[in-house]
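Engineer: Next up, entry28.cif (mmCIF, N, CA and C atoms).
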data_entry
#
loop_
_atom_site.label_atom_id
_atom_site.label_comp_id
_atom_site.auth_asym_id
_atom_site.auth_seq_id
_atom_site.Cartn_x
_atom_site.Cartn_y
_atom_site.Cartn_z
N MET A 1060 151.38 120.14 122.03
CA MET A 1060 151.68 119.13 121.04
C MET A 1060 151.53 119.70 119.63
N LYS A 1061 150.50 120.51 119.45
CA LYS A 1061 150.25 121.10 118.15
C LYS A 1061 151.40 122.03 117.77
N ASN A 1062 151.93 122.79 118.73
CA ASN A 1062 153.06 123.69 118.49
C ASN A 1062 154.33 122.91 118.14
N LEU A 1063 154.54 121.78 118.78
CA LEU A 1063 155.70 120.95 118.49
C LEU A 1063 155.62 120.42 117.07
N PHE A 1064 154.47 119.95 116.67
CA PHE A 1064 154.25 119.43 115.31
C PHE A 1064 154.49 120.54 114.29
N LEU A 1065 153.95 121.73 114.56
CA LEU A 1065 154.12 122.86 113.67
C LEU A 1065 155.58 123.27 113.58
N SER A 1066 156.29 123.23 114.68
CA SER A 1066 157.72 123.57 114.71
C SER A 1066 158.54 122.58 113.89
N VAL A 1067 158.23 121.31 114.00
CA VAL A 1067 158.93 120.28 113.23
C VAL A 1067 158.70 120.50 111.74
N ILE A 1068 157.46 120.79 111.35
CA ILE A 1068 157.14 121.04 109.94
C ILE A 1068 157.92 122.25 109.44
N ILE A 1069 157.94 123.32 110.21
CA ILE A 1069 158.66 124.53 109.81
C ILE A 1069 160.16 124.24 109.66
N LEU A 1070 160.74 123.51 110.61
CA LEU A 1070 162.16 123.16 110.53
C LEU A 1070 162.46 122.31 109.29
N LEU A 1071 161.56 121.40 108.98
CA LEU A 1071 161.76 120.56 107.79
C LEU A 1071 161.69 121.41 106.52
N LEU A 1072 160.76 122.33 106.47
CA LEU A 1072 160.65 123.19 105.29
C LEU A 1072 161.87 124.09 105.14
N ILE A 1073 162.34 124.65 106.25
CA ILE A 1073 163.54 125.49 106.21
C ILE A 1073 164.74 124.66 105.79
N GLY A 1074 164.88 123.48 106.34
CA GLY A 1074 166.01 122.60 106.01
C GLY A 1074 166.01 122.20 104.55
N SER A 1075 164.83 121.89 104.02
CA SER A 1075 164.78 121.48 102.62
C SER A 1075 165.02 122.66 101.70
N ALA A 1076 164.62 123.87 102.11
CA ALA A 1076 164.85 125.06 101.30
C ALA A 1076 166.33 125.44 101.27
N CYS A 1077 167.05 125.10 102.33
CA CYS A 1077 168.47 125.46 102.41
C CYS A 1077 169.36 124.51 101.64
N LYS A 1078 168.88 123.32 101.39
CA LYS A 1078 169.71 122.36 100.66
C LYS A 1078 169.80 122.77 99.19
N GLU A 1079 171.02 122.66 98.65
CA GLU A 1079 171.19 122.93 97.24
C GLU A 1079 170.77 121.71 96.44
N LYS A 1080 170.04 121.96 95.40
CA LYS A 1080 169.69 120.87 94.50
C LYS A 1080 170.86 120.65 93.55
N GLN A 1081 171.29 119.43 93.44
CA GLN A 1081 172.36 119.11 92.51
C GLN A 1081 171.75 118.45 91.29
N VAL A 1082 171.94 119.09 90.16
CA VAL A 1082 171.43 118.57 88.91
C VAL A 1082 172.55 117.75 88.27
N VAL A 1083 172.24 116.52 87.95
CA VAL A 1083 173.21 115.65 87.31
C VAL A 1083 173.14 115.89 85.80
N ASN A 1084 174.26 116.22 85.22
CA ASN A 1084 174.35 116.52 83.80
C ASN A 1084 175.06 115.35 83.12
N GLN A 1085 174.41 114.74 82.14
CA GLN A 1085 174.99 113.57 81.47
C GLN A 1085 176.31 113.90 80.79
N ASP A 1086 176.45 115.11 80.24
CA ASP A 1086 177.71 115.49 79.60
C ASP A 1086 178.86 115.48 80.61
N ASP A 1087 178.59 115.98 81.83
CA ASP A 1087 179.61 115.98 82.87
C ASP A 1087 179.97 114.55 83.29
N ILE A 1088 178.96 113.70 83.40
CA ILE A 1088 179.20 112.30 83.75
C ILE A 1088 180.06 111.63 82.67
N ASP A 1089 179.68 111.83 81.41
CA ASP A 1089 180.42 111.22 80.30
C ASP A 1089 181.87 111.72 80.26
N LYS A 1090 182.05 113.02 80.46
CA LYS A 1090 183.42 113.57 80.44
C LYS A 1090 184.26 112.91 81.52
N GLN A 1091 183.72 112.76 82.71
CA GLN A 1091 184.48 112.14 83.79
C GLN A 1091 184.77 110.66 83.48
N LEU A 1092 183.79 109.97 82.89
CA LEU A 1092 184.01 108.57 82.51
C LEU A 1092 185.13 108.45 81.48
N ILE A 1093 185.12 109.35 80.51
CA ILE A 1093 186.17 109.33 79.48
C ILE A 1093 187.53 109.65 80.10
N LEU A 1094 187.58 110.68 80.93
CA LEU A 1094 188.85 111.04 81.58
C LEU A 1094 189.38 109.90 82.43
N ASN A 1095 188.50 109.22 83.15
CA ASN A 1095 188.93 108.07 83.97
C ASN A 1095 189.48 106.96 83.08
N TYR A 1096 188.78 106.67 81.98
CA TYR A 1096 189.22 105.62 81.06
C TYR A 1096 190.60 105.96 80.49
N LEU A 1097 190.77 107.21 80.05
CA LEU A 1097 192.05 107.62 79.47
C LEU A 1097 193.17 107.50 80.49
N GLU A 1098 192.90 107.92 81.72
CA GLU A 1098 193.92 107.84 82.76
C GLU A 1098 194.26 106.39 83.10
N GLU A 1099 193.24 105.56 83.27
CA GLU A 1099 193.46 104.15 83.62
C GLU A 1099 194.22 103.41 82.53
N ASN A 1100 194.07 103.85 81.29
CA ASN A 1100 194.73 103.17 80.18
C ASN A 1100 195.94 103.93 79.66
N ASN A 1101 196.36 104.96 80.42
CA ASN A 1101 197.55 105.74 80.08
C ASN A 1101 197.49 106.27 78.64
N ILE A 1102 196.36 106.87 78.30
CA ILE A 1102 196.14 107.41 76.96
C ILE A 1102 196.11 108.92 77.04
N THR A 1103 196.87 109.58 76.17
CA THR A 1103 196.84 111.03 76.07
C THR A 1103 195.98 111.39 74.86
N ALA A 1104 194.89 112.09 75.10
CA ALA A 1104 193.96 112.43 74.03
C ALA A 1104 193.74 113.94 73.98
N GLU A 1105 193.38 114.40 72.82
CA GLU A 1105 192.95 115.79 72.62
C GLU A 1105 191.44 115.82 72.79
N SER A 1106 190.89 117.03 72.96
CA SER A 1106 189.44 117.14 73.06
C SER A 1106 188.95 118.36 72.31
N THR A 1107 187.68 118.33 71.99
CA THR A 1107 187.03 119.47 71.34
C THR A 1107 186.10 120.13 72.36
N ALA A 1108 185.61 121.30 72.03
CA ALA A 1108 184.70 122.02 72.92
C ALA A 1108 183.40 121.25 73.14
N SER A 1109 183.04 120.39 72.21
CA SER A 1109 181.79 119.63 72.32
C SER A 1109 181.90 118.43 73.27
N GLY A 1110 183.13 118.10 73.70
CA GLY A 1110 183.31 116.96 74.59
C GLY A 1110 183.85 115.72 73.91
N LEU A 1111 184.09 115.78 72.62
CA LEU A 1111 184.69 114.66 71.89
C LEU A 1111 186.17 114.59 72.25
N PHE A 1112 186.64 113.40 72.59
CA PHE A 1112 188.07 113.17 72.81
C PHE A 1112 188.57 112.31 71.65
N TYR A 1113 189.83 112.50 71.27
CA TYR A 1113 190.36 111.76 70.13
C TYR A 1113 191.87 111.62 70.22
N VAL A 1114 192.36 110.57 69.55
CA VAL A 1114 193.79 110.34 69.38
C VAL A 1114 194.01 110.07 67.90
N ILE A 1115 194.79 110.91 67.26
CA ILE A 1115 195.11 110.69 65.85
C ILE A 1115 196.30 109.73 65.80
N LYS A 1116 196.06 108.56 65.23
CA LYS A 1116 197.10 107.53 65.10
C LYS A 1116 197.96 107.78 63.86
N GLU A 1117 197.31 108.15 62.77
CA GLU A 1117 197.98 108.54 61.53
C GLU A 1117 197.17 109.68 60.93
N SER A 1118 197.83 110.75 60.58
CA SER A 1118 197.10 111.94 60.12
C SER A 1118 196.55 111.81 58.71
N GLY A 1119 197.10 110.92 57.90
CA GLY A 1119 196.63 110.79 56.52
C GLY A 1119 197.16 111.91 55.65
N ASN A 1120 196.60 112.05 54.46
CA ASN A 1120 197.09 113.09 53.55
C ASN A 1120 196.40 114.43 53.84
N GLU A 1121 196.60 115.39 52.97
CA GLU A 1121 196.08 116.74 53.20
C GLU A 1121 194.59 116.87 52.88
N ARG A 1122 194.00 115.90 52.21
CA ARG A 1122 192.56 115.95 51.90
C ARG A 1122 191.74 115.46 53.09
N HIS A 1123 190.89 116.32 53.63
CA HIS A 1123 190.06 115.98 54.78
C HIS A 1123 188.59 116.01 54.36
N PRO A 1124 187.80 115.06 54.86
CA PRO A 1124 186.38 115.06 54.51
C PRO A 1124 185.65 116.24 55.17
N THR A 1125 184.51 116.58 54.59
CA THR A 1125 183.63 117.60 55.16
C THR A 1125 182.29 116.93 55.47
N ASP A 1126 181.39 117.69 56.04
CA ASP A 1126 180.10 117.11 56.40
C ASP A 1126 179.30 116.64 55.19
N THR A 1127 179.64 117.12 53.99
CA THR A 1127 178.94 116.68 52.79
C THR A 1127 179.64 115.53 52.07
N SER A 1128 180.74 115.04 52.63
CA SER A 1128 181.48 113.94 52.02
C SER A 1128 180.79 112.60 52.26
N THR A 1129 181.03 111.69 51.33
CA THR A 1129 180.66 110.29 51.53
C THR A 1129 181.95 109.56 51.82
N ILE A 1130 182.02 108.98 53.00
CA ILE A 1130 183.27 108.38 53.48
C ILE A 1130 183.27 106.87 53.28
N THR A 1131 184.46 106.32 53.14
CA THR A 1131 184.65 104.87 53.16
C THR A 1131 185.69 104.58 54.23
N VAL A 1132 185.27 103.81 55.24
CA VAL A 1132 186.10 103.55 56.41
C VAL A 1132 186.05 102.07 56.80
N SER A 1133 187.01 101.68 57.59
CA SER A 1133 186.94 100.44 58.35
C SER A 1133 186.94 100.88 59.81
N TYR A 1134 186.15 100.22 60.65
CA TYR A 1134 186.02 100.67 62.03
C TYR A 1134 185.69 99.52 62.96
N ALA A 1135 185.96 99.76 64.23
CA ALA A 1135 185.55 98.85 65.30
C ALA A 1135 185.05 99.73 66.43
N GLY A 1136 183.86 99.42 66.93
CA GLY A 1136 183.27 100.18 68.02
C GLY A 1136 183.17 99.34 69.28
N ARG A 1137 183.44 99.97 70.43
CA ARG A 1137 183.35 99.28 71.70
C ARG A 1137 182.88 100.25 72.78
N LEU A 1138 182.43 99.69 73.89
CA LEU A 1138 182.02 100.48 75.03
C LEU A 1138 183.23 100.71 75.94
N LEU A 1139 183.06 101.50 76.99
CA LEU A 1139 184.17 101.78 77.90
C LEU A 1139 184.68 100.54 78.64
N ASN A 1140 183.83 99.51 78.74
CA ASN A 1140 184.29 98.26 79.36
C ASN A 1140 184.98 97.36 78.33
N ASN A 1141 185.28 97.93 77.15
CA ASN A 1141 185.93 97.25 76.02
C ASN A 1141 185.07 96.18 75.37
N GLN A 1142 183.78 96.15 75.68
CA GLN A 1142 182.84 95.23 75.03
C GLN A 1142 182.58 95.72 73.61
N PRO A 1143 182.95 94.93 72.58
CA PRO A 1143 182.69 95.35 71.20
C PRO A 1143 181.19 95.35 70.91
N PHE A 1144 180.75 96.31 70.11
CA PHE A 1144 179.34 96.33 69.72
C PHE A 1144 179.14 96.41 68.22
N ASP A 1145 180.18 96.75 67.45
CA ASP A 1145 180.01 96.83 66.00
C ASP A 1145 181.38 96.93 65.34
N GLN A 1146 181.44 96.50 64.09
CA GLN A 1146 182.64 96.69 63.28
C GLN A 1146 182.26 96.61 61.82
N GLY A 1147 183.10 97.17 60.97
CA GLY A 1147 182.82 97.14 59.55
C GLY A 1147 184.08 97.38 58.76
N SER A 1148 184.12 96.81 57.56
CA SER A 1148 185.25 97.02 56.65
C SER A 1148 184.74 97.65 55.38
N PHE A 1149 185.41 98.67 54.96
CA PHE A 1149 185.06 99.42 53.75
C PHE A 1149 183.58 99.80 53.75
N PHE A 1150 183.15 100.33 54.88
CA PHE A 1150 181.80 100.85 55.08
C PHE A 1150 181.73 102.22 54.42
N THR A 1151 180.76 102.42 53.53
CA THR A 1151 180.61 103.67 52.80
C THR A 1151 179.26 104.29 53.16
N HIS A 1152 179.31 105.59 53.54
CA HIS A 1152 178.08 106.26 53.96
C HIS A 1152 178.30 107.77 53.94
N PRO A 1153 177.24 108.56 53.69
CA PRO A 1153 177.38 110.02 53.82
C PRO A 1153 177.69 110.40 55.27
N LEU A 1154 178.72 111.19 55.48
CA LEU A 1154 179.14 111.56 56.82
C LEU A 1154 178.02 112.29 57.57
N GLN A 1155 177.26 113.11 56.86
CA GLN A 1155 176.21 113.89 57.52
C GLN A 1155 175.08 113.03 58.09
N ASN A 1156 175.01 111.77 57.70
CA ASN A 1156 173.97 110.87 58.21
C ASN A 1156 174.45 109.98 59.35
N LEU A 1157 175.68 110.21 59.80
CA LEU A 1157 176.24 109.41 60.88
C LEU A 1157 176.17 110.18 62.19
N ILE A 1158 176.53 109.54 63.29
CA ILE A 1158 176.45 110.19 64.59
C ILE A 1158 177.37 111.41 64.63
N ALA A 1159 177.03 112.36 65.47
CA ALA A 1159 177.77 113.63 65.57
C ALA A 1159 179.24 113.41 65.91
N GLY A 1160 179.54 112.41 66.72
CA GLY A 1160 180.94 112.13 67.06
C GLY A 1160 181.77 111.83 65.83
N TRP A 1161 181.22 111.09 64.89
CA TRP A 1161 181.92 110.82 63.63
C TRP A 1161 181.99 112.08 62.77
N GLN A 1162 180.89 112.82 62.72
CA GLN A 1162 180.87 114.05 61.92
C GLN A 1162 181.94 115.03 62.38
N GLN A 1163 182.17 115.09 63.68
CA GLN A 1163 183.18 116.00 64.21
C GLN A 1163 184.59 115.41 64.16
N GLY A 1164 184.70 114.11 64.31
CA GLY A 1164 186.01 113.47 64.43
C GLY A 1164 186.69 113.17 63.11
N LEU A 1165 185.96 112.69 62.13
CA LEU A 1165 186.61 112.27 60.88
C LEU A 1165 187.26 113.41 60.10
N PRO A 1166 186.73 114.63 60.11
CA PRO A 1166 187.43 115.72 59.41
C PRO A 1166 188.78 116.09 60.04
N LEU A 1167 189.10 115.52 61.20
CA LEU A 1167 190.39 115.79 61.84
C LEU A 1167 191.54 115.04 61.17
N ILE A 1168 191.20 114.05 60.33
CA ILE A 1168 192.23 113.29 59.62
C ILE A 1168 191.98 113.36 58.12
N GLY A 1169 193.03 113.05 57.36
CA GLY A 1169 192.92 113.00 55.91
C GLY A 1169 192.79 111.57 55.43
N GLU A 1170 192.64 111.42 54.13
CA GLU A 1170 192.57 110.09 53.53
C GLU A 1170 193.79 109.28 53.97
N GLY A 1171 193.56 108.03 54.32
CA GLY A 1171 194.63 107.16 54.78
C GLY A 1171 194.91 107.32 56.27
N GLY A 1172 194.20 108.22 56.93
CA GLY A 1172 194.43 108.47 58.35
C GLY A 1172 193.70 107.47 59.24
N LYS A 1173 194.15 107.43 60.49
CA LYS A 1173 193.55 106.56 61.50
C LYS A 1173 193.33 107.38 62.77
N ILE A 1174 192.19 107.17 63.40
CA ILE A 1174 191.84 107.94 64.59
C ILE A 1174 191.06 107.07 65.56
N THR A 1175 191.22 107.34 66.83
CA THR A 1175 190.38 106.73 67.85
C THR A 1175 189.54 107.85 68.44
N LEU A 1176 188.23 107.65 68.45
CA LEU A 1176 187.29 108.63 68.98
C LEU A 1176 186.70 108.12 70.29
N TYR A 1177 186.63 108.99 71.28
CA TYR A 1177 185.99 108.72 72.57
C TYR A 1177 184.78 109.65 72.60
N ILE A 1178 183.63 109.09 72.35
CA ILE A 1178 182.43 109.87 72.06
C ILE A 1178 181.47 109.87 73.24
N PRO A 1179 181.19 111.06 73.80
CA PRO A 1179 180.19 111.12 74.86
C PRO A 1179 178.81 110.79 74.29
N SER A 1180 177.93 110.36 75.16
CA SER A 1180 176.62 109.90 74.68
C SER A 1180 175.86 110.95 73.89
N SER A 1181 176.04 112.24 74.23
CA SER A 1181 175.31 113.29 73.51
C SER A 1181 175.75 113.40 72.04
N LEU A 1182 176.93 112.90 71.71
CA LEU A 1182 177.41 112.90 70.33
C LEU A 1182 177.29 111.52 69.70
N GLY A 1183 176.70 110.59 70.45
CA GLY A 1183 176.47 109.23 69.96
C GLY A 1183 174.98 108.97 69.83
N TYR A 1184 174.48 108.06 70.65
CA TYR A 1184 173.06 107.70 70.58
C TYR A 1184 172.25 108.27 71.73
N GLY A 1185 172.87 109.13 72.56
CA GLY A 1185 172.14 109.80 73.63
C GLY A 1185 171.50 108.83 74.59
N ASN A 1186 170.27 109.15 74.98
CA ASN A 1186 169.57 108.30 75.95
C ASN A 1186 168.75 107.19 75.27
N GLN A 1187 169.01 106.96 74.00
CA GLN A 1187 168.36 105.87 73.27
C GLN A 1187 169.25 104.63 73.32
N SER A 1188 168.66 103.50 73.60
CA SER A 1188 169.44 102.27 73.57
C SER A 1188 169.26 101.59 72.23
N THR A 1189 170.24 100.81 71.85
CA THR A 1189 170.16 99.97 70.66
C THR A 1189 170.39 98.54 71.15
N PRO A 1190 170.24 97.55 70.30
CA PRO A 1190 170.43 96.17 70.78
C PRO A 1190 171.77 95.92 71.48
N ASN A 1191 172.84 96.57 71.05
CA ASN A 1191 174.16 96.31 71.65
C ASN A 1191 174.72 97.47 72.45
N ILE A 1192 173.97 98.58 72.51
CA ILE A 1192 174.48 99.78 73.17
C ILE A 1192 173.43 100.29 74.16
N PRO A 1193 173.75 100.28 75.46
CA PRO A 1193 172.82 100.82 76.44
C PRO A 1193 172.66 102.34 76.29
N ALA A 1194 171.56 102.86 76.77
CA ALA A 1194 171.33 104.31 76.76
C ALA A 1194 172.45 105.02 77.51
N ASN A 1195 172.77 106.23 77.09
CA ASN A 1195 173.79 107.08 77.72
C ASN A 1195 175.17 106.45 77.75
N SER A 1196 175.51 105.70 76.72
CA SER A 1196 176.82 105.05 76.65
C SER A 1196 177.86 105.93 75.98
N VAL A 1197 179.05 105.96 76.58
CA VAL A 1197 180.22 106.53 75.91
C VAL A 1197 180.70 105.48 74.92
N LEU A 1198 181.03 105.92 73.72
CA LEU A 1198 181.45 105.00 72.65
C LEU A 1198 182.91 105.25 72.30
N ILE A 1199 183.61 104.17 71.96
CA ILE A 1199 184.99 104.27 71.47
C ILE A 1199 185.01 103.66 70.07
N PHE A 1200 185.54 104.41 69.13
CA PHE A 1200 185.67 103.90 67.76
C PHE A 1200 187.11 104.04 67.30
N ASP A 1201 187.66 102.96 66.77
CA ASP A 1201 188.92 102.98 66.05
C ASP A 1201 188.55 103.01 64.58
N ILE A 1202 188.96 104.05 63.88
CA ILE A 1202 188.51 104.26 62.50
C ILE A 1202 189.71 104.49 61.58
N SER A 1203 189.69 103.82 60.44
CA SER A 1203 190.64 104.06 59.36
C SER A 1203 189.85 104.68 58.21
N LEU A 1204 190.24 105.88 57.82
CA LEU A 1204 189.58 106.56 56.70
C LEU A 1204 190.30 106.18 55.42
N HIS A 1205 189.67 105.33 54.61
CA HIS A 1205 190.30 104.88 53.36
C HIS A 1205 190.26 105.99 52.32
N TYR A 1206 189.06 106.50 52.05
CA TYR A 1206 188.90 107.58 51.07
C TYR A 1206 187.51 108.17 51.22
N PHE A 1207 187.26 109.24 50.50
CA PHE A 1207 185.95 109.87 50.52
C PHE A 1207 185.72 110.60 49.21
N THR A 1208 184.46 110.90 48.93
CA THR A 1208 184.07 111.70 47.79
C THR A 1208 183.26 112.88 48.30
N ASP A 1209 183.35 113.99 47.58
CA ASP A 1209 182.58 115.19 47.97
C ASP A 1209 181.26 115.25 47.26
#
Show me, as structure tokens, the structure contained in the file I just sent.
Structural biologist:
Amino acid sequence: MKNLFLSVIILLLIGSACKEKQVVNQDDIDKQLILNYLEENNITAESTASGLFYVIKESGNERHPTDTSTITVSYAGRLLNNQPFDQGSFFTHPLQNLIAGWQQGLPLIGEGGKITLYIPSSLGYGNQSTPNIPANSVLIFDISLHYFTD
């Protein structure tokens, strides 16, 4: 009986050692969620190396903001289930103090431009929740860049 018990323990240890551990990466999850959303809604988007997806609706003029610009925008934010969580008109703020998704996305358009950003959680609020945004949420923003100052 003792040998049987020992054999079972050894088999369990060998079996558990042979199994590959699968590490779940939030960036991979977010990318797949964004790709599914884009496909389900028949949207063709570009992407950056950081995982930001975007659709330029209007390119605007040749002047593009930089990370040191103070931007003035109108925007609407929603989750992947299309639940709105925020909006603003003629919102003015230093770009460098906003979420990374905005910092990377807004320089893609010029003044007068319009863009939709599909922001993975790592470029948004990460694993922190806010009153209207659950932790690890992919964010969608429709943004009109009115103007900016350097």
Engineer: Choose the residue, out of A:Pro1179, A:Asp1145, A:Ile1158, A:Ile1130, that has the smallest atom-to-atom separation from Gly1110 in chain A; count only N, CA and C atoms.
Structural biologist: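 That would be A:Pro1179, the residue with the smallest distance to Gly1110 in chain A.
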Engineer: With only N, CA and C atoms counted and 7 Å as the cut-off, give the residues of range 1071-1138 of chain A in contact with range 1206-1209 of chain A, each with its shortest interatomic distance in Å and the pair that gives it, as a tab-separated table.
Structural biologist:
residue	atom	partner	partner_atom	distance
A:Pro1124	CA	A:Phe1207	CA	6.6
A:Thr1127	C	A:Asp1209	CA	5.1
A:Ser1128	CA	A:Thr1208	C	4.3
A:Thr1129	N	A:Thr1208	C	3.9
A:Ile1130	CA	A:Phe1207	CA	4.3
A:Thr1131	N	A:Tyr1206	C	4.1
A:Val1132	N	A:Tyr1206	N	5.6
Engineer: Can you translate the PyMOL selection byres (((chain A and resi 1093 and name CA) around 9) and name CA) into the concrete residues it hits in this file, as number ranges by chain?
Structural biologist: A: 1088-1092, 1094-1098, 1112, 1139, 1177-1179, 1197
Engineer: Translate the PyMOL selection byres ((chain A and resi 1195) around 5), as applied to the file shown, into an explicit residue set as a list of chain:residue names.
Structural biologist: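 Expected selection for the PyMOL selection byres ((chain A and resi 1195) around 5) here is A:Ser1180, A:Gly1185, A:Asn1186, A:Gln1187, A:Pro1193, A:Ala1194, A:Ser1196, A:Val1197.
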Engineer: Based on DSSP run over this structure's backbone, return all residues of chain A in strand (DSSP E or B), as a short mmCIF file (atom, residue, chain, number, x, y, z; two decimals) with N, CA and C atoms, in the frame of the given file.
Structural biologist:
data_model
loop_
_atom_site.label_atom_id
_atom_site.label_comp_id
_atom_site.auth_asym_id
_atom_site.auth_seq_id
_atom_site.Cartn_x
_atom_site.Cartn_y
_atom_site.Cartn_z
N GLU A 1105 193.38 114.40 72.82
CA GLU A 1105 192.95 115.79 72.62
C GLU A 1105 191.44 115.82 72.79
N SER A 1106 190.89 117.03 72.96
CA SER A 1106 189.44 117.14 73.06
C SER A 1106 188.95 118.36 72.31
N PHE A 1112 186.64 113.40 72.59
CA PHE A 1112 188.07 113.17 72.81
C PHE A 1112 188.57 112.31 71.65
N TYR A 1113 189.83 112.50 71.27
CA TYR A 1113 190.36 111.76 70.13
C TYR A 1113 191.87 111.62 70.22
N VAL A 1114 192.36 110.57 69.55
CA VAL A 1114 193.79 110.34 69.38
C VAL A 1114 194.01 110.07 67.90
N ILE A 1115 194.79 110.91 67.26
CA ILE A 1115 195.11 110.69 65.85
C ILE A 1115 196.30 109.73 65.80
N LYS A 1116 196.06 108.56 65.23
CA LYS A 1116 197.10 107.53 65.10
C LYS A 1116 197.96 107.78 63.86
N GLU A 1117 197.31 108.15 62.77
CA GLU A 1117 197.98 108.54 61.53
C GLU A 1117 197.17 109.68 60.93
N THR A 1129 181.03 111.69 51.33
CA THR A 1129 180.66 110.29 51.53
C THR A 1129 181.95 109.56 51.82
N ILE A 1130 182.02 108.98 53.00
CA ILE A 1130 183.27 108.38 53.48
C ILE A 1130 183.27 106.87 53.28
N THR A 1131 184.46 106.32 53.14
CA THR A 1131 184.65 104.87 53.16
C THR A 1131 185.69 104.58 54.23
N VAL A 1132 185.27 103.81 55.24
CA VAL A 1132 186.10 103.55 56.41
C VAL A 1132 186.05 102.07 56.80
N SER A 1133 187.01 101.68 57.59
CA SER A 1133 186.94 100.44 58.35
C SER A 1133 186.94 100.88 59.81
N TYR A 1134 186.15 100.22 60.65
CA TYR A 1134 186.02 100.67 62.03
C TYR A 1134 185.69 99.52 62.96
N ALA A 1135 185.96 99.76 64.23
CA ALA A 1135 185.55 98.85 65.30
C ALA A 1135 185.05 99.73 66.43
N GLY A 1136 183.86 99.42 66.93
CA GLY A 1136 183.27 100.18 68.02
C GLY A 1136 183.17 99.34 69.28
N ARG A 1137 183.44 99.97 70.43
CA ARG A 1137 183.35 99.28 71.70
C ARG A 1137 182.88 100.25 72.78
N LEU A 1138 182.43 99.69 73.89
CA LEU A 1138 182.02 100.48 75.03
C LEU A 1138 183.23 100.71 75.94
N PRO A 1143 182.95 94.93 72.58
CA PRO A 1143 182.69 95.35 71.20
C PRO A 1143 181.19 95.35 70.91
N PHE A 1144 180.75 96.31 70.11
CA PHE A 1144 179.34 96.33 69.72
C PHE A 1144 179.14 96.41 68.22
N ASP A 1145 180.18 96.75 67.45
CA ASP A 1145 180.01 96.83 66.00
C ASP A 1145 181.38 96.93 65.34
N GLN A 1146 181.44 96.50 64.09
CA GLN A 1146 182.64 96.69 63.28
C GLN A 1146 182.26 96.61 61.82
N GLY A 1147 183.10 97.17 60.97
CA GLY A 1147 182.82 97.14 59.55
C GLY A 1147 184.08 97.38 58.76
N SER A 1148 184.12 96.81 57.56
CA SER A 1148 185.25 97.02 56.65
C SER A 1148 184.74 97.65 55.38
N PHE A 1149 185.41 98.67 54.96
CA PHE A 1149 185.06 99.42 53.75
C PHE A 1149 183.58 99.80 53.75
N PHE A 1150 183.15 100.33 54.88
CA PHE A 1150 181.80 100.85 55.08
C PHE A 1150 181.73 102.22 54.42
N THR A 1151 180.76 102.42 53.53
CA THR A 1151 180.61 103.67 52.80
C THR A 1151 179.26 104.29 53.16
N HIS A 1152 179.31 105.59 53.54
CA HIS A 1152 178.08 106.26 53.96
C HIS A 1152 178.30 107.77 53.94
N PRO A 1153 177.24 108.56 53.69
CA PRO A 1153 177.38 110.02 53.82
C PRO A 1153 177.69 110.40 55.27
N LYS A 1173 194.15 107.43 60.49
CA LYS A 1173 193.55 106.56 61.50
C LYS A 1173 193.33 107.38 62.77
N ILE A 1174 192.19 107.17 63.40
CA ILE A 1174 191.84 107.94 64.59
C ILE A 1174 191.06 107.07 65.56
N THR A 1175 191.22 107.34 66.83
CA THR A 1175 190.38 106.73 67.85
C THR A 1175 189.54 107.85 68.44
N LEU A 1176 188.23 107.65 68.45
CA LEU A 1176 187.29 108.63 68.98
C LEU A 1176 186.70 108.12 70.29
N TYR A 1177 186.63 108.99 71.28
CA TYR A 1177 185.99 108.72 72.57
C TYR A 1177 184.78 109.65 72.60
N ILE A 1178 183.63 109.09 72.35
CA ILE A 1178 182.43 109.87 72.06
C ILE A 1178 181.47 109.87 73.24
N THR A 1189 170.24 100.81 71.85
CA THR A 1189 170.16 99.97 70.66
C THR A 1189 170.39 98.54 71.15
N ILE A 1192 173.97 98.58 72.51
CA ILE A 1192 174.48 99.78 73.17
C ILE A 1192 173.43 100.29 74.16
N LEU A 1198 181.03 105.92 73.72
CA LEU A 1198 181.45 105.00 72.65
C LEU A 1198 182.91 105.25 72.30
N ILE A 1199 183.61 104.17 71.96
CA ILE A 1199 184.99 104.27 71.47
C ILE A 1199 185.01 103.66 70.07
N PHE A 1200 185.54 104.41 69.13
CA PHE A 1200 185.67 103.90 67.76
C PHE A 1200 187.11 104.04 67.30
N ASP A 1201 187.66 102.96 66.77
CA ASP A 1201 188.92 102.98 66.05
C ASP A 1201 188.55 103.01 64.58
N ILE A 1202 188.96 104.05 63.88
CA ILE A 1202 188.51 104.26 62.50
C ILE A 1202 189.71 104.49 61.58
N SER A 1203 189.69 103.82 60.44
CA SER A 1203 190.64 104.06 59.36
C SER A 1203 189.85 104.68 58.21
N LEU A 1204 190.24 105.88 57.82
CA LEU A 1204 189.58 106.56 56.70
C LEU A 1204 190.30 106.18 55.42
N HIS A 1205 189.67 105.33 54.61
CA HIS A 1205 190.30 104.88 53.36
C HIS A 1205 190.26 105.99 52.32
N TYR A 1206 189.06 106.50 52.05
CA TYR A 1206 188.90 107.58 51.07
C TYR A 1206 187.51 108.17 51.22
N PHE A 1207 187.26 109.24 50.50
CA PHE A 1207 185.95 109.87 50.52
C PHE A 1207 185.72 110.60 49.21
N THR A 1208 184.46 110.90 48.93
CA THR A 1208 184.07 111.70 47.79
C THR A 1208 183.26 112.88 48.30
#
